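Below is work.pdb, which holds PDB, C-alpha atoms and all ligand atoms.
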```
MODEL        1
ATOM      1  CA  MET G   1     -99.907 -34.320 171.430  1.00  0.00           C
ATOM      2  CA  ARG G   2    -101.633 -33.730 168.089  1.00  0.00           C
ATOM      3  CA  LEU G   3    -105.436 -33.712 168.280  1.00  0.00           C
ATOM      4  CA  ASP G   4    -105.821 -36.494 165.704  1.00  0.00           C
ATOM      5  CA  LYS G   5    -103.423 -38.766 167.640  1.00  0.00           C
ATOM      6  CA  PHE G   6    -105.206 -37.984 170.912  1.00  0.00           C
ATOM      7  CA  LEU G   7    -108.554 -39.011 169.430  1.00  0.00           C
ATOM      8  CA  ALA G   8    -107.170 -42.094 167.682  1.00  0.00           C
ATOM      9  CA  ASP G   9    -105.405 -43.218 170.891  1.00  0.00           C
ATOM     10  CA  MET G  10    -108.726 -42.940 172.715  1.00  0.00           C
ATOM     11  CA  GLN G  11    -110.305 -45.292 170.145  1.00  0.00           C
ATOM     12  CA  ILE G  12    -112.591 -42.643 168.631  1.00  0.00           C
ATOM     13  CA  GLY G  13    -111.543 -43.927 165.203  1.00  0.00           C
ATOM     14  CA  SER G  14    -108.528 -44.582 163.022  1.00  0.00           C
ATOM     15  CA  ARG G  15    -106.188 -41.676 162.351  1.00  0.00           C
ATOM     16  CA  LYS G  16    -107.894 -41.231 158.955  1.00  0.00           C
ATOM     17  CA  GLU G  17    -111.395 -41.379 160.440  1.00  0.00           C
ATOM     18  CA  VAL G  18    -110.679 -38.864 163.190  1.00  0.00           C
ATOM     19  CA  LYS G  19    -109.210 -36.406 160.677  1.00  0.00           C
ATOM     20  CA  LYS G  20    -112.572 -36.580 158.892  1.00  0.00           C
ATOM     21  CA  TYR G  21    -114.508 -36.120 162.173  1.00  0.00           C
ATOM     22  CA  ILE G  22    -112.424 -33.012 162.863  1.00  0.00           C
ATOM     23  CA  LYS G  23    -113.166 -31.607 159.374  1.00  0.00           C
ATOM     24  CA  ASP G  24    -116.849 -32.418 159.907  1.00  0.00           C
ATOM     25  CA  ARG G  25    -116.807 -30.113 162.988  1.00  0.00           C
ATOM     26  CA  ARG G  26    -117.613 -32.934 165.433  1.00  0.00           C
ATOM     27  CA  VAL G  27    -114.678 -32.142 167.761  1.00  0.00           C
ATOM     28  CA  THR G  28    -114.238 -29.268 170.221  1.00  0.00           C
ATOM     29  CA  VAL G  29    -111.279 -28.211 172.355  1.00  0.00           C
ATOM     30  CA  ASN G  30    -112.066 -25.977 175.332  1.00  0.00           C
ATOM     31  CA  GLY G  31    -115.503 -25.252 173.897  1.00  0.00           C
ATOM     32  CA  GLN G  32    -114.283 -24.228 170.412  1.00  0.00           C
ATOM     33  CA  VAL G  33    -115.045 -26.276 167.305  1.00  0.00           C
ATOM     34  CA  ILE G  34    -111.667 -27.224 165.829  1.00  0.00           C
ATOM     35  CA  THR G  35    -111.209 -27.961 162.143  1.00  0.00           C
ATOM     36  CA  SER G  36    -107.417 -28.510 162.062  1.00  0.00           C
ATOM     37  CA  ASP G  37    -106.072 -31.926 163.044  1.00  0.00           C
ATOM     38  CA  LYS G  38    -102.599 -30.454 163.578  1.00  0.00           C
ATOM     39  CA  ILE G  39    -103.548 -28.559 166.718  1.00  0.00           C
ATOM     40  CA  GLN G  40    -101.738 -29.709 169.881  1.00  0.00           C
ATOM     41  CA  VAL G  41    -103.659 -30.642 173.019  1.00  0.00           C
ATOM     42  CA  ALA G  42    -102.342 -30.974 176.564  1.00  0.00           C
ATOM     43  CA  ASP G  43    -103.609 -32.611 179.780  1.00  0.00           C
ATOM     44  CA  HIS G  44    -105.586 -29.577 180.918  1.00  0.00           C
ATOM     45  CA  ASP G  45    -107.486 -29.179 177.595  1.00  0.00           C
ATOM     46  CA  VAL G  46    -111.109 -30.309 177.506  1.00  0.00           C
ATOM     47  CA  VAL G  47    -111.794 -32.282 174.333  1.00  0.00           C
ATOM     48  CA  THR G  48    -115.237 -33.428 173.182  1.00  0.00           C
ATOM     49  CA  PHE G  49    -116.404 -35.628 170.324  1.00  0.00           C
ATOM     50  CA  ASP G  50    -120.095 -35.430 169.368  1.00  0.00           C
ATOM     51  CA  HIS G  51    -120.611 -33.413 172.586  1.00  0.00           C
ATOM     52  CA  GLN G  52    -119.153 -36.197 174.792  1.00  0.00           C
ATOM     53  CA  PRO G  53    -115.979 -35.447 176.791  1.00  0.00           C
ATOM     54  CA  VAL G  54    -112.968 -37.539 175.777  1.00  0.00           C
ATOM     55  CA  GLN G  55    -110.586 -38.162 178.672  1.00  0.00           C
ATOM     56  CA  TYR G  56    -107.023 -39.129 177.776  1.00  0.00           C
ATOM     57  CA  GLN G  57    -105.760 -42.391 179.244  1.00  0.00           C
ATOM     58  CA  LYS G  58    -102.245 -43.542 178.443  1.00  0.00           C
ATOM     59  CA  TYR G  59    -102.103 -46.884 180.206  1.00  0.00           C
ATOM     60  CA  PHE G  60    -104.722 -49.625 180.456  1.00  0.00           C
ATOM     61  CA  TYR G  61    -104.702 -52.444 183.003  1.00  0.00           C
ATOM     62  CA  TYR G  62    -107.137 -55.352 182.921  1.00  0.00           C
ATOM     63  CA  LEU G  63    -107.484 -58.239 185.333  1.00  0.00           C
ATOM     64  CA  LEU G  64    -108.494 -61.352 183.376  1.00  0.00           C
ATOM     65  CA  ASN G  65    -109.659 -64.708 184.725  1.00  0.00           C
ATOM     66  CA  LYS G  66    -107.995 -66.766 182.018  1.00  0.00           C
ATOM     67  CA  PRO G  67    -109.896 -69.861 180.935  1.00  0.00           C
ATOM     68  CA  GLN G  68    -108.264 -73.020 179.575  1.00  0.00           C
ATOM     69  CA  GLY G  69    -107.832 -73.287 175.811  1.00  0.00           C
ATOM     70  CA  VAL G  70    -106.546 -69.777 175.092  1.00  0.00           C
ATOM     71  CA  VAL G  71    -102.883 -68.876 174.760  1.00  0.00           C
ATOM     72  CA  SER G  72    -101.048 -66.043 176.523  1.00  0.00           C
ATOM     73  CA  ALA G  73     -99.840 -64.306 173.373  1.00  0.00           C
ATOM     74  CA  THR G  74    -100.782 -61.292 171.283  1.00  0.00           C
ATOM     75  CA  THR G  75    -101.294 -63.364 168.117  1.00  0.00           C
ATOM     76  CA  ASP G  76    -101.325 -67.054 167.322  1.00  0.00           C
ATOM     77  CA  PRO G  77    -101.768 -68.843 164.003  1.00  0.00           C
ATOM     78  CA  ARG G  78    -103.932 -71.619 165.520  1.00  0.00           C
ATOM     79  CA  ASP G  79    -105.314 -70.786 168.906  1.00  0.00           C
ATOM     80  CA  LYS G  80    -107.489 -68.072 170.343  1.00  0.00           C
ATOM     81  CA  THR G  81    -105.385 -65.639 172.402  1.00  0.00           C
ATOM     82  CA  VAL G  82    -106.171 -63.905 175.674  1.00  0.00           C
ATOM     83  CA  LEU G  83    -106.484 -60.633 173.711  1.00  0.00           C
ATOM     84  CA  ASP G  84    -109.307 -62.166 171.656  1.00  0.00           C
ATOM     85  CA  LEU G  85    -111.313 -62.260 174.918  1.00  0.00           C
ATOM     86  CA  LEU G  86    -111.425 -58.453 175.046  1.00  0.00           C
ATOM     87  CA  LYS G  87    -114.550 -56.713 173.800  1.00  0.00           C
ATOM     88  CA  ASP G  88    -114.186 -54.605 170.615  1.00  0.00           C
ATOM     89  CA  LYS G  89    -114.348 -51.374 172.619  1.00  0.00           C
ATOM     90  CA  ASP G  90    -111.324 -52.448 174.691  1.00  0.00           C
ATOM     91  CA  GLN G  91    -109.194 -53.723 171.784  1.00  0.00           C
ATOM     92  CA  ARG G  92    -105.960 -51.778 171.232  1.00  0.00           C
ATOM     93  CA  ASP G  93    -102.891 -52.713 169.214  1.00  0.00           C
ATOM     94  CA  ASP G  94    -100.517 -52.041 172.108  1.00  0.00           C
ATOM     95  CA  LEU G  95    -102.053 -54.403 174.708  1.00  0.00           C
ATOM     96  CA  PHE G  96    -100.233 -57.584 175.726  1.00  0.00           C
ATOM     97  CA  PRO G  97    -100.440 -60.220 178.469  1.00  0.00           C
ATOM     98  CA  VAL G  98     -98.058 -59.547 181.361  1.00  0.00           C
ATOM     99  CA  GLY G  99     -96.293 -62.897 181.543  1.00  0.00           C
ATOM    100  CA  ARG G 100     -97.588 -66.268 180.478  1.00  0.00           C
ATOM    101  CA  LEU G 101     -99.926 -68.917 181.728  1.00  0.00           C
ATOM    102  CA  ASP G 102     -99.978 -72.249 179.896  1.00  0.00           C
ATOM    103  CA  LYS G 103    -102.850 -72.949 177.530  1.00  0.00           C
ATOM    104  CA  ASN G 104    -104.452 -75.276 180.094  1.00  0.00           C
ATOM    105  CA  THR G 105    -103.794 -73.012 183.121  1.00  0.00           C
ATOM    106  CA  GLU G 106    -106.572 -70.808 184.474  1.00  0.00           C
ATOM    107  CA  GLY G 107    -106.672 -67.723 186.621  1.00  0.00           C
ATOM    108  CA  LEU G 108    -105.165 -64.334 187.144  1.00  0.00           C
ATOM    109  CA  LEU G 109    -103.566 -62.723 184.115  1.00  0.00           C
ATOM    110  CA  LEU G 110    -102.865 -59.039 183.788  1.00  0.00           C
ATOM    111  CA  ILE G 111    -103.308 -57.421 180.381  1.00  0.00           C
ATOM    112  CA  SER G 112    -101.787 -53.993 179.854  1.00  0.00           C
ATOM    113  CA  ASN G 113     -99.930 -51.634 177.540  1.00  0.00           C
ATOM    114  CA  ASP G 114     -97.582 -50.480 180.317  1.00  0.00           C
ATOM    115  CA  GLY G 115     -94.260 -51.999 179.266  1.00  0.00           C
ATOM    116  CA  VAL G 116     -92.307 -50.567 182.194  1.00  0.00           C
ATOM    117  CA  LEU G 117     -94.581 -52.023 184.866  1.00  0.00           C
ATOM    118  CA  ALA G 118     -94.765 -55.358 183.005  1.00  0.00           C
ATOM    119  CA  HIS G 119     -90.992 -55.556 182.802  1.00  0.00           C
ATOM    120  CA  GLN G 120     -90.668 -54.856 186.511  1.00  0.00           C
ATOM    121  CA  LEU G 121     -93.348 -57.371 187.500  1.00  0.00           C
ATOM    122  CA  LEU G 122     -91.609 -60.081 185.482  1.00  0.00           C
ATOM    123  CA  SER G 123     -88.047 -59.183 186.410  1.00  0.00           C
ATOM    124  CA  PRO G 124     -86.337 -62.024 188.334  1.00  0.00           C
ATOM    125  CA  LYS G 125     -84.654 -59.329 190.451  1.00  0.00           C
ATOM    126  CA  LYS G 126     -87.979 -58.123 191.860  1.00  0.00           C
ATOM    127  CA  HIS G 127     -89.091 -61.553 193.173  1.00  0.00           C
ATOM    128  CA  VAL G 128     -92.773 -60.694 192.817  1.00  0.00           C
ATOM    129  CA  GLU G 129     -94.709 -63.565 194.423  1.00  0.00           C
ATOM    130  CA  LYS G 130     -97.030 -65.697 192.331  1.00  0.00           C
ATOM    131  CA  GLU G 131     -99.480 -67.966 194.098  1.00  0.00           C
ATOM    132  CA  TYR G 132    -101.072 -71.022 192.507  1.00  0.00           C
ATOM    133  CA  TYR G 133    -103.741 -73.534 193.425  1.00  0.00           C
ATOM    134  CA  ALA G 134    -103.036 -76.954 191.930  1.00  0.00           C
ATOM    135  CA  GLU G 135    -104.548 -80.395 191.816  1.00  0.00           C
ATOM    136  CA  VAL G 136    -102.024 -83.157 191.593  1.00  0.00           C
ATOM    137  CA  ALA G 137    -102.072 -86.850 190.662  1.00  0.00           C
ATOM    138  CA  GLY G 138    -100.189 -88.526 193.518  1.00  0.00           C
ATOM    139  CA  ILE G 139     -99.872 -88.034 197.251  1.00  0.00           C
ATOM    140  CA  LEU G 140     -98.030 -84.880 198.305  1.00  0.00           C
ATOM    141  CA  THR G 141     -95.913 -85.408 201.424  1.00  0.00           C
ATOM    142  CA  VAL G 142     -94.195 -83.325 204.094  1.00  0.00           C
ATOM    143  CA  GLU G 143     -90.934 -84.319 202.385  1.00  0.00           C
ATOM    144  CA  ASP G 144     -92.177 -82.603 199.202  1.00  0.00           C
ATOM    145  CA  VAL G 145     -93.018 -79.497 201.251  1.00  0.00           C
ATOM    146  CA  ALA G 146     -89.489 -79.521 202.695  1.00  0.00           C
ATOM    147  CA  ALA G 147     -87.907 -80.071 199.273  1.00  0.00           C
ATOM    148  CA  PHE G 148     -89.823 -77.128 197.770  1.00  0.00           C
ATOM    149  CA  ALA G 149     -88.898 -74.971 200.796  1.00  0.00           C
ATOM    150  CA  LYS G 150     -85.204 -75.607 200.124  1.00  0.00           C
ATOM    151  CA  GLY G 151     -85.531 -75.100 196.377  1.00  0.00           C
ATOM    152  CA  ILE G 152     -85.287 -78.065 194.057  1.00  0.00           C
ATOM    153  CA  ILE G 153     -83.542 -79.033 190.862  1.00  0.00           C
ATOM    154  CA  ILE G 154     -85.935 -79.373 187.945  1.00  0.00           C
ATOM    155  CA  ASP G 155     -85.202 -81.298 184.759  1.00  0.00           C
ATOM    156  CA  GLY G 156     -81.863 -82.338 186.167  1.00  0.00           C
ATOM    157  CA  ASN G 157     -80.103 -79.007 185.884  1.00  0.00           C
ATOM    158  CA  GLU G 158     -82.233 -76.012 186.837  1.00  0.00           C
ATOM    159  CA  GLN G 159     -82.220 -74.867 190.451  1.00  0.00           C
ATOM    160  CA  THR G 160     -85.373 -73.152 191.709  1.00  0.00           C
ATOM    161  CA  LEU G 161     -85.583 -70.616 194.497  1.00  0.00           C
ATOM    162  CA  PRO G 162     -87.245 -71.773 197.738  1.00  0.00           C
ATOM    163  CA  ALA G 163     -91.024 -71.986 197.319  1.00  0.00           C
ATOM    164  CA  GLU G 164     -93.757 -72.296 199.944  1.00  0.00           C
ATOM    165  CA  MET G 165     -96.057 -75.245 199.381  1.00  0.00           C
ATOM    166  CA  THR G 166     -99.101 -75.965 201.541  1.00  0.00           C
ATOM    167  CA  ILE G 167    -100.894 -79.283 201.232  1.00  0.00           C
ATOM    168  CA  LEU G 168    -104.614 -78.498 201.252  1.00  0.00           C
ATOM    169  CA  ALA G 169    -105.994 -82.005 200.910  1.00  0.00           C
ATOM    170  CA  VAL G 170    -104.905 -85.538 200.212  1.00  0.00           C
ATOM    171  CA  ASP G 171    -107.189 -88.299 198.945  1.00  0.00           C
ATOM    172  CA  PRO G 172    -105.426 -91.657 199.412  1.00  0.00           C
ATOM    173  CA  LYS G 173    -108.266 -93.560 197.698  1.00  0.00           C
ATOM    174  CA  GLN G 174    -108.120 -91.494 194.500  1.00  0.00           C
ATOM    175  CA  GLU G 175    -104.368 -90.984 194.942  1.00  0.00           C
ATOM    176  CA  CYS G 176    -104.578 -87.254 194.384  1.00  0.00           C
ATOM    177  CA  SER G 177    -103.825 -84.066 196.313  1.00  0.00           C
ATOM    178  CA  GLN G 178    -104.521 -80.338 196.342  1.00  0.00           C
ATOM    179  CA  MET G 179    -101.965 -77.685 197.143  1.00  0.00           C
ATOM    180  CA  ARG G 180    -101.129 -74.006 197.232  1.00  0.00           C
ATOM    181  CA  LEU G 181     -97.720 -72.926 196.014  1.00  0.00           C
ATOM    182  CA  ILE G 182     -96.029 -69.551 196.301  1.00  0.00           C
ATOM    183  CA  LEU G 183     -93.208 -68.912 193.820  1.00  0.00           C
ATOM    184  CA  HIS G 184     -90.761 -66.012 193.835  1.00  0.00           C
ATOM    185  CA  GLU G 185     -89.724 -66.382 190.200  1.00  0.00           C
ATOM    186  CA  GLY G 186     -91.330 -67.450 186.925  1.00  0.00           C
ATOM    187  CA  LYS G 187     -89.518 -70.229 185.113  1.00  0.00           C
ATOM    188  CA  PHE G 188     -91.106 -71.895 182.090  1.00  0.00           C
ATOM    189  CA  HIS G 189     -93.790 -74.422 183.208  1.00  0.00           C
ATOM    190  CA  GLN G 190     -92.391 -73.997 186.709  1.00  0.00           C
ATOM    191  CA  VAL G 191     -95.205 -75.440 188.810  1.00  0.00           C
ATOM    192  CA  LYS G 192     -95.637 -78.488 186.584  1.00  0.00           C
ATOM    193  CA  ARG G 193     -91.891 -79.117 186.465  1.00  0.00           C
ATOM    194  CA  MET G 194     -91.466 -78.754 190.238  1.00  0.00           C
ATOM    195  CA  VAL G 195     -94.286 -81.211 190.876  1.00  0.00           C
ATOM    196  CA  LYS G 196     -92.804 -83.598 188.311  1.00  0.00           C
ATOM    197  CA  ALA G 197     -89.440 -83.356 190.076  1.00  0.00           C
ATOM    198  CA  VAL G 198     -91.062 -84.895 193.191  1.00  0.00           C
ATOM    199  CA  GLY G 199     -92.644 -87.656 191.122  1.00  0.00           C
ATOM    200  CA  LYS G 200     -96.205 -86.344 190.743  1.00  0.00           C
ATOM    201  CA  GLU G 201     -98.227 -84.634 188.044  1.00  0.00           C
ATOM    202  CA  VAL G 202    -100.274 -81.421 187.947  1.00  0.00           C
ATOM    203  CA  THR G 203    -103.772 -82.157 186.643  1.00  0.00           C
ATOM    204  CA  TYR G 204    -105.274 -78.686 187.182  1.00  0.00           C
ATOM    205  CA  LEU G 205    -103.561 -75.337 187.683  1.00  0.00           C
ATOM    206  CA  LYS G 206    -104.879 -71.897 188.512  1.00  0.00           C
ATOM    207  CA  ARG G 207    -102.988 -68.721 189.401  1.00  0.00           C
ATOM    208  CA  VAL G 208    -104.705 -66.915 192.263  1.00  0.00           C
ATOM    209  CA  ARG G 209    -102.325 -64.055 193.102  1.00  0.00           C
ATOM    210  CA  MET G 210     -99.513 -61.935 191.723  1.00  0.00           C
ATOM    211  CA  GLY G 211     -97.806 -59.677 194.276  1.00  0.00           C
ATOM    212  CA  ASP G 212    -100.668 -58.293 196.374  1.00  0.00           C
ATOM    213  CA  LEU G 213    -103.121 -58.535 193.492  1.00  0.00           C
ATOM    214  CA  SER G 214    -105.554 -61.421 193.956  1.00  0.00           C
ATOM    215  CA  LEU G 215    -107.846 -63.024 191.423  1.00  0.00           C
ATOM    216  CA  ASP G 216    -111.333 -61.552 191.705  1.00  0.00           C
ATOM    217  CA  GLU G 217    -113.463 -64.633 192.380  1.00  0.00           C
ATOM    218  CA  GLU G 218    -116.500 -62.727 191.062  1.00  0.00           C
ATOM    219  CA  LEU G 219    -114.960 -62.821 187.585  1.00  0.00           C
ATOM    220  CA  ALA G 220    -116.197 -65.819 185.617  1.00  0.00           C
ATOM    221  CA  LEU G 221    -113.652 -67.684 183.504  1.00  0.00           C
ATOM    222  CA  GLY G 222    -112.955 -65.582 180.409  1.00  0.00           C
ATOM    223  CA  ASP G 223    -114.214 -62.365 182.014  1.00  0.00           C
ATOM    224  CA  TYR G 224    -112.085 -59.354 182.795  1.00  0.00           C
ATOM    225  CA  ARG G 225    -112.347 -55.876 184.291  1.00  0.00           C
ATOM    226  CA  PRO G 226    -110.104 -52.813 184.655  1.00  0.00           C
ATOM    227  CA  LEU G 227    -107.889 -52.784 187.729  1.00  0.00           C
ATOM    228  CA  THR G 228    -109.073 -50.420 190.434  1.00  0.00           C
ATOM    229  CA  GLU G 229    -106.749 -47.566 191.453  1.00  0.00           C
ATOM    230  CA  ALA G 230    -106.079 -49.418 194.720  1.00  0.00           C
ATOM    231  CA  GLU G 231    -105.123 -52.635 192.895  1.00  0.00           C
ATOM    232  CA  LEU G 232    -102.794 -50.748 190.575  1.00  0.00           C
ATOM    233  CA  ALA G 233    -101.154 -49.105 193.584  1.00  0.00           C
ATOM    234  CA  LEU G 234    -100.621 -52.560 195.128  1.00  0.00           C
ATOM    235  CA  LEU G 235     -98.918 -53.819 191.989  1.00  0.00           C
ATOM    236  CA  LYS G 236     -96.717 -50.755 191.701  1.00  0.00           C
ATOM    237  CA  ASN G 237     -95.809 -51.122 195.339  1.00  0.00           C
ATOM    238  CA  ALA G 238     -94.700 -54.710 194.792  1.00  0.00           C
ATOM    239  CA  VAL G 239     -91.962 -53.593 192.357  1.00  0.00           C
ATOM    240  CA  LYS G 240     -90.699 -50.520 194.230  1.00  0.00           C
TER     241      LYS G 240
HETATM  242  N1  LIG T   1     -96.328 -72.917 186.077  1.00  0.00           N
HETATM  243  C1  LIG T   1     -96.759 -73.781 185.134  1.00  0.00           C
HETATM  244  O1  LIG T   1     -96.324 -74.917 185.079  1.00  0.00           O
HETATM  245  N2  LIG T   1     -97.690 -73.355 184.261  1.00  0.00           N
HETATM  246  C2  LIG T   1     -98.221 -72.114 184.294  1.00  0.00           C
HETATM  247  O2  LIG T   1     -99.085 -71.796 183.477  1.00  0.00           O
HETATM  248  C3  LIG T   1     -97.761 -71.219 185.280  1.00  0.00           C
HETATM  249  C4  LIG T   1     -96.814 -71.650 186.160  1.00  0.00           C
ENDMDL
END
```
Encoding of this model in structure tokens:
Amino acid sequence: MRLDKFLADMQIGSRKEVKKYIKDRRVTVNGQVITSDKIQVADHDVVTFDHQPVQYQKYFYYLLNKPQGVVSATTDPRDKTVLDLLKDKDQRDDLFPVGRLDKNTEGLLLISNDGVLAHQLLSPKKHVEKEYYAEVAGILTVEDVAAFAKGIIIDGNEQTLPAEMTILAVDPKQECSQMRLILHEGKFHQVKRMVKAVGKEVTYLKRVRMGDLSLDEELALGDYRPLTEAELALLKNAVK
């Protein structure tokens, strides 16, 4: 890879800016000051900028605790997007949310620039589990659990795969319930539509797990952190 691309990819500056830094003798490769931006660098080369080593990283993976009110998109004419939650130092043009959570859904959302892994995680063929916690207006019943376990028809014509629902709590006075739901696919508004199909309504929704990757409860709403190596391995394992 060309030295100027390497430095620009690692957010040292724009392509134009890094060319200037190279001319200004602020960049070294293997201990030598380099003044040509055309030079090629490889994995084993040691690059520094202003005496600080610059390590090349191709893919970025962030675990975000999505708050309500932001949309799972890269740009939006009206609303704040999940990418707007990233600090300036982490902003890159190639990042995107891996899948979608509704504007009023909270919880685990992966942000990455790894298109291959994203495609695999979202592929219906891979059946990567997604687990949700939901609060529901209405009383969930064992019949609802059985209906979800068989797979139900939503909006009159769409058949879902079997899904595992656990009733966590029921409040007959307030006529509301809490549940956990494990899905093996990702249809549009799936949780809300499944709950509607059994005559109830989701009032709060949070995704807590994707494959073996769980939401980090230490992350406040709107906060994010890079995935650990172990977490990335778990995700990759889920799509093998
Ligand atoms: N199902 C929904 O209805 N909404 C989401 O955001 C995710 C799953």
Could you make a table, as a tab-separated table, of the residues of chain G that have an atom within 10 Å of an atom of ligand LIG 1 (chain T), each with its nearest atom pair and distance in Å to one decimal, counting only C-alpha atoms and all ligand atoms, in chain and number order?
```
residue	atom	partner	partner_atom	distance
G:Val71	CA	T:LIG1	O2	9.9
G:Ser72	CA	T:LIG1	O2	9.2
G:Gly99	CA	T:LIG1	C3	9.2
G:Arg100	CA	T:LIG1	O2	6.5
G:Leu101	CA	T:LIG1	O2	3.5
G:Asp102	CA	T:LIG1	O2	3.7
G:Lys103	CA	T:LIG1	O2	7.1
G:Asn104	CA	T:LIG1	O2	7.2
G:Thr105	CA	T:LIG1	O2	4.9
G:Glu106	CA	T:LIG1	O2	7.6
G:Gly107	CA	T:LIG1	O2	9.2
G:Lys130	CA	T:LIG1	C4	8.6
G:Glu131	CA	T:LIG1	C4	9.1
G:Tyr132	CA	T:LIG1	C4	7.7
G:Ala134	CA	T:LIG1	N1	9.8
G:Leu181	CA	T:LIG1	C4	10.0
G:Leu183	CA	T:LIG1	C4	8.9
G:Glu185	CA	T:LIG1	C4	9.7
G:Gly186	CA	T:LIG1	C4	6.9
G:Lys187	CA	T:LIG1	N1	7.4
G:Phe188	CA	T:LIG1	N1	6.6
G:His189	CA	T:LIG1	O1	3.2
G:Gln190	CA	T:LIG1	N1	4.1
G:Val191	CA	T:LIG1	N1	3.9
G:Lys192	CA	T:LIG1	O1	3.9
G:Arg193	CA	T:LIG1	O1	6.3
G:Met194	CA	T:LIG1	O1	8.1
G:Val195	CA	T:LIG1	O1	8.8
G:Lys196	CA	T:LIG1	O1	9.9
G:Val202	CA	T:LIG1	O1	8.1
G:Tyr204	CA	T:LIG1	N2	9.7
G:Leu205	CA	T:LIG1	N2	7.1
G:Lys206	CA	T:LIG1	O2	7.7
G:Arg207	CA	T:LIG1	C3	7.1
```
- Message: Neighbouring residues of segment 45-53 of chain G were defined as those with any atom within 10 Å, considering all atoms listed in the file; residues of the same chain fewer than 6 positions away were excluded. Please report them as a list of chain:residue names.
- Response: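 Returned residues: G:Leu3, G:Phe6, G:Leu7, G:Ile12, G:Val18, G:Tyr21, G:Ile22, G:Arg25, G:Arg26, G:Val27, G:Thr28, G:Val29, G:Asn30, G:Gly31, G:Gln32, G:Val33, G:Ile34.
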- Message: What would the selection look like, as a count of residues only, if the PyMOL selection byres (((chain G and resi 200) around 8) and not hetatm) were run on the coordinates I just shared?
- Response: 12
- Which residues come within 12 Å of Val116 of chain G, counting only C-alpha atoms, excluding same-chain residues fewer than 6 positions away, as a PyMOL selection string? chain G and resi 59+98+122-123+236+239
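You can rank G:Ser214, G:Gln11, G:Gln120, G:Gln40 by their closest distance to Val54 of chain G using all atoms listed in the file, and at the top of that list sits G:Gln11.
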Quick one: residues within 7 Å of Leu161 of chain G, all atoms listed in the file counted, chain neighbours fewer than 2 positions away excluded, as a JSON list (two decimals) with C-alpha atoms, in the frame of the given file?
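Everything below was put into out-v9.json:
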```
[["chain", "number", "residue", "atom", "x", "y", "z"],
["G", 151, "GLY", "CA", -85.53, -75.10, 196.38],
["G", 159, "GLN", "CA", -82.22, -74.87, 190.45],
["G", 163, "ALA", "CA", -91.02, -71.99, 197.32],
["G", 184, "HIS", "CA", -90.76, -66.01, 193.84]]
```
- Task: Give as a count of residues only the residues that the PyMOL selection byres (((chain G and resi 222) around 6) and not hetatm) matches when applied to the coordinates above.
- Result: 5
- Around (-99.3, -52.5, 169.7) in the file's frame, which residues reach within 12 Å when counting all atoms listed in the file? Return as a list in words? Asp9, Thr74, Thr75, Leu83, Gln91, Arg92, Asp93, Asp94, Leu95, Phe96, Pro97, Ser112, Asn113, Asp114 and Gly115 of chain G
- Task: Quote the spacing between atom CA of Thr160 of chain G and atom CA of Glu143 of chain G in Å to one decimal place.
- Result: 16.4 Å
- Message: So, with all atoms listed in the file as the atoms that count, which of G:Leu110, G:Glu229, G:Tyr133, G:Asp24 lies closest to Tyr61 of chain G?
- Response: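 Closest to Tyr61 of chain G of all the choices is G:Leu110.
Separating atom CA of Ala238 of chain G from atom CA of Gly211 of chain G is a distance of 5.9 Å.
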- Task: May I ask for the distance between atom CA of Glu231 of chain G and atom CA of Leu219 of chain G, given in Å to one decimal place?
- Result: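 Rounded to one decimal, the two atoms are 15.1 Å apart.
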- Query: When distances are computed from all atoms listed in the file, which of G:Val128, G:Leu108, G:Val41, G:Val142 shows the smallest separation from Ile182 of chain G?
  - Reply: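 Closest to Ile182 of chain G, using all atoms listed in the file: G:Val128.
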- What do you get, as an MDAnalysis selection string, if you spell out every residue that the PyMOL selection byres (((chain G and resi 148) around 7) and not hetatm) selects here? chainID G and resid 144:147 149:152 162:165
Export of prior selection with C-alpha atoms as a PDB file, in the coordinates of the input:
```pdb
ATOM      1  CA  ASP G 144     -92.177 -82.603 199.202  1.00  0.00           C
ATOM      2  CA  VAL G 145     -93.018 -79.497 201.251  1.00  0.00           C
ATOM      3  CA  ALA G 146     -89.489 -79.521 202.695  1.00  0.00           C
ATOM      4  CA  ALA G 147     -87.907 -80.071 199.273  1.00  0.00           C
ATOM      5  CA  ALA G 149     -88.898 -74.971 200.796  1.00  0.00           C
ATOM      6  CA  LYS G 150     -85.204 -75.607 200.124  1.00  0.00           C
ATOM      7  CA  GLY G 151     -85.531 -75.100 196.377  1.00  0.00           C
ATOM      8  CA  ILE G 152     -85.287 -78.065 194.057  1.00  0.00           C
ATOM      9  CA  PRO G 162     -87.245 -71.773 197.738  1.00  0.00           C
ATOM     10  CA  ALA G 163     -91.024 -71.986 197.319  1.00  0.00           C
ATOM     11  CA  GLU G 164     -93.757 -72.296 199.944  1.00  0.00           C
ATOM     12  CA  MET G 165     -96.057 -75.245 199.381  1.00  0.00           C
TER      13      MET G 165
END
```
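Near Arg225 of chain G, within a cut-off of 8 Å and counting all atoms listed in the file, sit the residues Tyr62, Leu63 and Leu64 of chain G, with same-chain residues fewer than 4 positions away left out.
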